[in-house]
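Visitor: Pasting start-v4.pdb below, which is PDB, C-alpha atoms.
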ATOM      1  CA  MET A   1       0.000   0.000   0.000
ATOM      2  CA  LYS A   2       1.061   3.546  -0.640
ATOM      3  CA  VAL A   3       1.367   5.670   2.500
ATOM      4  CA  TYR A   4       1.454   9.451   2.747
ATOM      5  CA  GLY A   5       1.135  11.635   5.808
ATOM      6  CA  VAL A   6      -0.296  14.961   6.847
ATOM      7  CA  THR A   7       1.454  16.408   9.874
ATOM      8  CA  GLY A   8       1.692  19.703  11.703
ATOM      9  CA  TRP A   9       1.150  21.298  15.082
ATOM     10  CA  LYS A  10      -2.215  21.541  16.832
ATOM     11  CA  ASN A  11      -4.686  23.864  15.046
ATOM     12  CA  ALA A  12      -2.609  23.856  11.843
ATOM     13  CA  GLY A  13      -5.434  22.485   9.692
ATOM     14  CA  LYS A  14      -4.428  18.809   9.540
ATOM     15  CA  THR A  15      -7.852  17.280  10.068
ATOM     16  CA  GLY A  16      -9.619  19.588   7.626
ATOM     17  CA  LEU A  17      -6.948  18.897   5.013
ATOM     18  CA  MET A  18      -7.228  15.144   5.647
ATOM     19  CA  GLU A  19     -11.002  15.274   5.246
ATOM     20  CA  ARG A  20     -10.750  17.183   1.963
ATOM     21  CA  LEU A  21      -7.985  14.895   0.655
ATOM     22  CA  VAL A  22      -9.966  11.734   1.425
ATOM     23  CA  ALA A  23     -12.989  13.156  -0.411
ATOM     24  CA  GLU A  24     -10.899  14.363  -3.369
ATOM     25  CA  ILE A  25      -8.786  11.228  -3.804
ATOM     26  CA  SER A  26     -11.600   8.741  -3.217
ATOM     27  CA  GLY A  27     -13.724  10.840  -5.598
ATOM     28  CA  ARG A  28     -11.122  10.106  -8.271
ATOM     29  CA  GLY A  29     -11.798   6.394  -7.856
ATOM     30  CA  PHE A  30      -8.946   5.425  -5.525
ATOM     31  CA  SER A  31      -9.584   3.465  -2.337
ATOM     32  CA  VAL A  32      -8.347   5.394   0.696
ATOM     33  CA  SER A  33      -7.958   4.478   4.362
ATOM     34  CA  THR A  34      -6.715   6.694   7.170
ATOM     35  CA  VAL A  35      -4.687   6.333  10.345
ATOM     36  CA  LYS A  36      -4.977   9.103  12.945
ATOM     37  CA  HIS A  37      -2.601   9.548  15.860
ATOM     38  CA  ALA A  38      -4.010  10.939  19.086
ATOM     39  CA  HIS A  39      -1.767  12.370  21.803
ATOM     40  CA  HIS A  40      -4.365  12.081  24.509
ATOM     41  CA  CYS A  41      -6.446   9.342  26.071
ATOM     42  CA  VAL A  42      -8.997   8.798  23.335
ATOM     43  CA  ASP A  43     -11.934   6.437  23.696
ATOM     44  CA  VAL A  44     -14.346   5.718  20.869
ATOM     45  CA  ASP A  45     -16.433   3.545  23.166
ATOM     46  CA  GLN A  46     -18.908   5.078  25.601
ATOM     47  CA  PRO A  47     -19.553   4.070  29.215
ATOM     48  CA  GLY A  48     -22.684   1.983  29.559
ATOM     49  CA  THR A  49     -22.464   0.269  26.176
ATOM     50  CA  ASP A  50     -22.039  -3.493  26.120
ATOM     51  CA  SER A  51     -18.646  -3.260  24.406
ATOM     52  CA  HIS A  52     -17.407  -0.748  26.983
ATOM     53  CA  ARG A  53     -18.556  -3.059  29.764
ATOM     54  CA  HIS A  54     -16.571  -5.914  28.151
ATOM     55  CA  ARG A  55     -13.393  -3.762  28.043
ATOM     56  CA  VAL A  56     -13.789  -2.550  31.622
ATOM     57  CA  ALA A  57     -14.258  -6.161  32.709
ATOM     58  CA  GLY A  58     -10.784  -6.923  31.322
ATOM     59  CA  ALA A  59     -11.144  -8.004  27.681
ATOM     60  CA  CYS A  60      -7.932  -7.477  25.696
ATOM     61  CA  GLU A  61      -9.881  -7.018  22.460
ATOM     62  CA  VAL A  62     -13.502  -6.240  21.710
ATOM     63  CA  LEU A  63     -14.767  -6.610  18.155
ATOM     64  CA  LEU A  64     -18.021  -4.738  17.600
ATOM     65  CA  ALA A  65     -19.867  -5.767  14.437
ATOM     66  CA  SER A  66     -23.058  -4.645  12.706
ATOM     67  CA  ASP A  67     -24.438  -4.616   9.176
ATOM     68  CA  GLN A  68     -22.914  -1.127   8.708
ATOM     69  CA  ARG A  69     -19.379  -1.363  10.155
ATOM     70  CA  ILE A  70     -16.983  -3.170  12.430
ATOM     71  CA  ALA A  71     -14.749  -1.721  15.103
ATOM     72  CA  LEU A  72     -11.912  -3.494  16.851
ATOM     73  CA  MET A  73     -10.817  -2.023  20.154
ATOM     74  CA  GLN A  74      -7.611  -3.286  21.677
ATOM     75  CA  GLU A  75      -6.482  -2.404  25.163
ATOM     76  CA  LEU A  76      -2.736  -1.852  25.480
ATOM     77  CA  ARG A  77      -2.880  -2.374  29.248
ATOM     78  CA  GLY A  78       0.603  -0.959  29.771
ATOM     79  CA  ALA A  79       2.172  -2.289  26.552
ATOM     80  CA  PRO A  80       3.999   0.298  24.420
ATOM     81  CA  GLU A  81       2.083   2.180  21.754
ATOM     82  CA  PRO A  82       2.411   0.318  18.419
ATOM     83  CA  LYS A  83       4.624   1.883  15.758
ATOM     84  CA  LEU A  84       3.046   3.081  12.516
ATOM     85  CA  ASP A  85       4.273   0.036  10.543
ATOM     86  CA  ALA A  86       2.508  -2.314  12.951
ATOM     87  CA  LEU A  87      -0.712  -0.320  12.659
ATOM     88  CA  LEU A  88      -0.524  -0.245   8.857
ATOM     89  CA  ALA A  89      -0.126  -4.033   8.816
ATOM     90  CA  ARG A  90      -3.571  -4.332  10.414
ATOM     91  CA  LEU A  91      -5.347  -2.509   7.578
ATOM     92  CA  SER A  92      -7.026  -4.093   4.587
ATOM     93  CA  SER A  93      -5.304  -3.357   1.286
ATOM     94  CA  VAL A  94      -6.227  -0.045  -0.366
ATOM     95  CA  ASP A  95      -4.638   2.223  -2.969
ATOM     96  CA  LEU A  96      -3.564   4.869  -0.449
ATOM     97  CA  VAL A  97      -3.368   5.225   3.318
ATOM     98  CA  LEU A  98      -3.360   8.816   4.522
ATOM     99  CA  VAL A  99      -1.760   9.187   7.950
ATOM    100  CA  GLU A 100      -2.582  12.131  10.215
ATOM    101  CA  GLY A 101       0.022  12.972  12.822
ATOM    102  CA  PHE A 102       2.924  10.597  13.505
ATOM    103  CA  LYS A 103       5.331  13.483  12.902
ATOM    104  CA  ARG A 104       8.339  11.517  14.195
ATOM    105  CA  GLU A 105       7.834   8.606  11.771
ATOM    106  CA  ARG A 106       9.828   8.700   8.529
ATOM    107  CA  HIS A 107       7.087   8.159   5.908
ATOM    108  CA  PRO A 108       6.680  10.942   3.307
ATOM    109  CA  LYS A 109       4.353  13.692   4.426
ATOM    110  CA  ILE A 110       3.038  17.163   3.820
ATOM    111  CA  GLU A 111       2.976  19.687   6.648
ATOM    112  CA  ALA A 112      -0.184  21.684   7.314
ATOM    113  CA  PHE A 113       0.866  25.127   8.545
ATOM    114  CA  ARG A 114      -1.047  28.151   9.768
ATOM    115  CA  ALA A 115       0.816  31.324  10.704
ATOM    116  CA  GLU A 116      -1.605  32.422  13.451
ATOM    117  CA  PRO A 117      -0.685  29.920  16.200
ATOM    118  CA  GLY A 118       2.954  31.021  15.891
ATOM    119  CA  ASN A 119       4.458  27.528  15.816
ATOM    120  CA  PRO A 120       7.720  26.884  13.960
ATOM    121  CA  LEU A 121       7.748  24.956  10.704
ATOM    122  CA  ILE A 122       8.465  21.281  11.277
ATOM    123  CA  ALA A 123       9.724  21.042   7.683
ATOM    124  CA  ALA A 124      12.746  23.179   8.535
ATOM    125  CA  ASN A 125      14.328  20.198  10.320
ATOM    126  CA  ASP A 126      12.551  17.214   8.773
ATOM    127  CA  GLY A 127      13.450  15.831   5.356
ATOM    128  CA  SER A 128      10.489  13.436   5.371
ATOM    129  CA  ILE A 129       8.232  16.455   4.845
ATOM    130  CA  ARG A 130       8.081  16.752   1.062
ATOM    131  CA  ALA A 131       5.871  19.872   0.867
ATOM    132  CA  VAL A 132       4.009  22.390   3.002
ATOM    133  CA  ALA A 133       0.365  23.436   2.762
ATOM    134  CA  SER A 134       0.168  26.914   4.271
ATOM    135  CA  ASP A 135      -2.212  29.809   4.805
ATOM    136  CA  THR A 136       0.679  32.231   4.268
ATOM    137  CA  SER A 137       3.428  32.721   1.707
ATOM    138  CA  LEU A 138       6.631  30.809   2.526
ATOM    139  CA  GLU A 139      10.059  30.540   0.904
ATOM    140  CA  LEU A 140      11.220  26.936   1.230
ATOM    141  CA  ASP A 141      13.418  24.393  -0.512
ATOM    142  CA  ARG A 142      10.317  22.267  -1.278
ATOM    143  CA  PRO A 143       6.885  22.934  -2.759
ATOM    144  CA  VAL A 144       4.494  25.194  -0.869
ATOM    145  CA  PHE A 145       0.754  24.944  -1.559
ATOM    146  CA  ASP A 146      -2.144  27.074  -0.452
ATOM    147  CA  LEU A 147      -3.702  25.194   2.470
ATOM    148  CA  GLY A 148      -7.088  25.397   0.735
ATOM    149  CA  ASP A 149      -5.920  24.111  -2.665
ATOM    150  CA  THR A 150      -7.001  20.518  -2.132
ATOM    151  CA  VAL A 151      -6.840  19.599  -5.835
ATOM    152  CA  ALA A 152      -3.201  20.677  -6.193
ATOM    153  CA  ILE A 153      -2.226  18.982  -2.930
ATOM    154  CA  ALA A 154      -3.994  15.759  -3.987
ATOM    155  CA  ASP A 155      -2.254  15.916  -7.385
ATOM    156  CA  PHE A 156       1.099  16.306  -5.626
ATOM    157  CA  ILE A 157       0.527  13.396  -3.229
ATOM    158  CA  LEU A 158      -0.757  11.082  -5.968
ATOM    159  CA  GLY A 159       2.290  11.971  -8.072
ATOM    160  CA  GLU A 160       4.591  11.295  -5.124
ATOM    161  CA  VAL A 161       3.161   7.800  -4.565
ATOM    162  CA  GLY A 162       2.832   6.945  -8.257
ATOM    163  CA  LEU A 163      -0.950   6.765  -8.523
TER
END
Turn the structure described in the file into structure tokens.
Guide:
Amino acid sequence: MKVYGVTGWKNAGKTGLMERLVAEISGRGFSVSTVKHAHHCVDVDQPGTDSHRHRVAGACEVLLASDQRIALMQELRGAPEPKLDALLARLSSVDLVLVEGFKRERHPKIEAFRAEPGNPLIAANDGSIRAVASDTSLELDRPVFDLGDTVAIADFILGEVGL
């Protein structure tokens, strides 16, 4: 599978860019999956549901299945967080996996950047960032796209991965 990332600091526009890229690229007929890294204690399961009760009782894995979707929840219970490669190995085969976050991993990525939060560019010290999508004009040694130009960014990513 082809893998390409979207990274950046908090409030840089990563999630909005990811959402637009998934719609644009899947709209072109490619199958797309996503992997999202969360830095906080995230829980997609709600207290009181049967699956949550199973997890709280001590289940290592809970597979929730319906006629619309499946969800597999795995409790790490003190084990280290899996690396990106291990997570990617769990996915079904698709044309492209878009990865949000995982800024320390070495897969190719584009940085979402907004000037207003005042954060430094990650791209300045990270060669795995192949381009920047920004809300402001930047002079860099790699391509810079308007953060809102989803078509151009999608074209760039698809060209990078050979699709």
Visitor: Please provide the set of residues having any atom within 10 Å of region 100-112 of chain A, restricted to only C-alpha atoms, with same-chain residues fewer than 5 positions apart removed, written as a PyMOL selection string.
Guide: chain A and resi 3-18+34-39+83-85+121-123+126-135+143-147+153+156-157+160-161
Visitor: By how many Å are CA of Val44 (chain A) and CA of Gln74 (chain A) apart?
Guide: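 Those two atoms sit 11.3 Å apart.
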Visitor: Taking all atoms listed in the file into account, which of A:Ser137, A:Met73, A:Leu98, A:Ala59 comes nearest Arg20 (chain A)?
Guide: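 Checking each of A:Ser137, A:Met73, A:Leu98, A:Ala59 against Arg20 (chain A), counting all atoms listed in the file, the winner is A:Leu98.
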Visitor: Take CA of Leu91 (chain A) and CA of Val32 (chain A) and report the distance between them in Å, one decimal.
Guide: 10.9 Å
Visitor: CA of Gly58 (chain A) and CA of Leu88 (chain A) are how many Å apart?
Guide: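 According to the coordinates, CA of Gly58 (chain A) and CA of Leu88 (chain A) are separated by 25.6 Å.
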Visitor: Find, counting only C-alpha atoms, the residue in A:Leu72, A:Ala115, A:Ala154, A:Leu138 that gets nearest to Arg90 (chain A).
Guide: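 Looking only at the distances to Arg90 (chain A), the closest residue turns out to be A:Leu72.
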Visitor: Tell me which of A:Arg55, A:Val97, A:Ile70, A:Glu116 sits closest to Met1 (chain A), counting all atoms listed in the file.
Guide: A:Val97
